[in-house]
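To keep things clear, I will list the structure first and then write my remarks on it.
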Amino acid sequence: MSVAWFSRLYRLNEAGRFDEVVTASKKYLAVRPKDYALHLQRAKALLSLGRLDEAAVHLDAAVTGSKGLAAWPWFYRAALHARNGERKAMYGAMQTTLRLDPKLSDEFEHSPFFAAHWASRPFRSLLLVKKPVSRSTRPGSTAPPGRAPASRRTGWTAAHGVD
């Protein structure tokens, strides 16, 4: 993929110029039909324009092209299901998204695609993904990163500087 093409489509999507994304992505996809990032940018624009059937085709291509390992195609697949009122499918896509990248829980909480679901208990429970907390980064810890607090070290390990 040309990074310039992707960057252009991304900037246009962020600016809300969805018709331009659809036009430009058609030209780019003619050259790179298997590029999942280009399919994703086109799908985002189509989703925003309400062209849900077309968006589904490109989201499927983005998921397939990324071998199902990229979180963003799953995020927008969840958005598509939300727009279609398909709650069970939306929750499934959300679970896959969060399994691939738990940090996207913030995106679910702020994306207008999910505004109608923000207050629902199932939606909220999916976002309660537990992020690992390092012992040394817990509030009140004085240990340097990667080192157990002194209260958790044995006498020998403390004397030798080993955790």
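Note on naming: chains are A, B, ... as they come in the structure tokens, residues start from 1 per chain, ligands start from 1 in the order shown.
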
**OP:** Tell me, as number ranges by chain, which residues lie within 12 Å of Asp60 of chain A, counting only C-alpha atoms; anything in the same chain fewer than 5 positions away does not count.
**Re:** A: 34, 36-37, 39-40, 42-43, 53-55, 65-68, 73-74, 76-78, 80

Original post:
Near Glu107 of chain A, counting only C-alpha atoms, which residues have an atom at most 12 Å away, once you skip same-chain residues fewer than 6 positions from it, shown as number ranges by chain?
Top reply: A: 71-72, 75-76, 78-79, 94, 97-98, 101, 113-115, 118, 127

Selection from above, N, CA, C and O atoms, as a JSON list (two decimals), in the first residue's frame, can you write it?
```json
[["chain", "number", "residue", "atom", "x", "y", "z"],
["A", 71, "ALA", "N", -7.52, -4.85, 14.56],
["A", 71, "ALA", "CA", -8.68, -4.52, 15.40],
["A", 71, "ALA", "C", -9.63, -3.53, 14.73],
["A", 71, "ALA", "O", -10.85, -3.63, 14.91],
["A", 72, "TRP", "N", -9.11, -2.56, 13.98],
["A", 72, "TRP", "CA", -9.97, -1.53, 13.42],
["A", 72, "TRP", "C", -11.04, -2.05, 12.47],
["A", 72, "TRP", "O", -12.19, -1.57, 12.52],
["A", 75, "PHE", "N", -13.72, -3.16, 14.69],
["A", 75, "PHE", "CA", -14.38, -2.02, 15.33],
["A", 75, "PHE", "C", -15.48, -1.48, 14.40],
["A", 75, "PHE", "O", -16.62, -1.26, 14.82],
["A", 76, "TYR", "N", -15.13, -1.26, 13.14],
["A", 76, "TYR", "CA", -16.11, -0.71, 12.21],
["A", 76, "TYR", "C", -17.17, -1.75, 11.81],
["A", 76, "TYR", "O", -18.28, -1.38, 11.47],
["A", 78, "ALA", "N", -18.40, -3.73, 14.06],
["A", 78, "ALA", "CA", -19.32, -3.53, 15.20],
["A", 78, "ALA", "C", -20.17, -2.29, 14.97],
["A", 78, "ALA", "O", -21.38, -2.30, 15.26],
["A", 79, "ALA", "N", -19.58, -1.23, 14.43],
["A", 79, "ALA", "CA", -20.33, -0.01, 14.13],
["A", 79, "ALA", "C", -21.41, -0.27, 13.09],
["A", 79, "ALA", "O", -22.54, 0.23, 13.20],
["A", 94, "MET", "N", -17.50, -6.43, 18.88],
["A", 94, "MET", "CA", -16.83, -5.67, 19.94],
["A", 94, "MET", "C", -15.87, -6.55, 20.72],
["A", 94, "MET", "O", -14.74, -6.15, 21.02],
["A", 97, "THR", "N", -12.80, -7.11, 18.67],
["A", 97, "THR", "CA", -12.00, -5.89, 18.65],
["A", 97, "THR", "C", -11.19, -5.76, 19.93],
["A", 97, "THR", "O", -9.98, -5.50, 19.90],
["A", 98, "LEU", "N", -11.85, -5.92, 21.06],
["A", 98, "LEU", "CA", -11.20, -5.72, 22.36],
["A", 98, "LEU", "C", -10.20, -6.82, 22.68],
["A", 98, "LEU", "O", -9.22, -6.58, 23.38],
["A", 101, "ASP", "N", -7.24, -5.56, 20.60],
["A", 101, "ASP", "CA", -6.66, -4.32, 21.11],
["A", 101, "ASP", "C", -7.55, -3.74, 22.22],
["A", 101, "ASP", "O", -8.48, -2.98, 21.94],
["A", 113, "PHE", "N", -21.12, 6.22, 16.60],
["A", 113, "PHE", "CA", -21.78, 5.02, 16.07],
["A", 113, "PHE", "C", -22.46, 4.22, 17.18],
["A", 113, "PHE", "O", -23.40, 3.48, 16.94],
["A", 114, "PHE", "N", -21.94, 4.35, 18.41],
["A", 114, "PHE", "CA", -22.44, 3.54, 19.52],
["A", 114, "PHE", "C", -23.22, 4.36, 20.55],
["A", 114, "PHE", "O", -23.53, 3.86, 21.62],
["A", 115, "ALA", "N", -23.54, 5.60, 20.23],
["A", 115, "ALA", "CA", -24.21, 6.49, 21.19],
["A", 115, "ALA", "C", -25.50, 5.89, 21.74],
["A", 115, "ALA", "O", -25.79, 6.03, 22.93],
["A", 118, "TRP", "N", -24.49, 3.40, 24.64],
["A", 118, "TRP", "CA", -23.58, 3.78, 25.71],
["A", 118, "TRP", "C", -24.09, 3.43, 27.10],
["A", 118, "TRP", "O", -23.32, 3.03, 27.96],
["A", 127, "LEU", "N", -16.92, -3.21, 27.98],
["A", 127, "LEU", "CA", -15.84, -2.22, 28.06],
["A", 127, "LEU", "C", -15.05, -2.30, 29.35],
["A", 127, "LEU", "O", -14.05, -1.61, 29.51]]
```

Subject >> Interatomic distance (Å, one decimal) between atom CA of Leu9 of chain A and atom CA of Arg99 of chain A >> reply: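 Between these atoms lies a distance of 26.6 Å.
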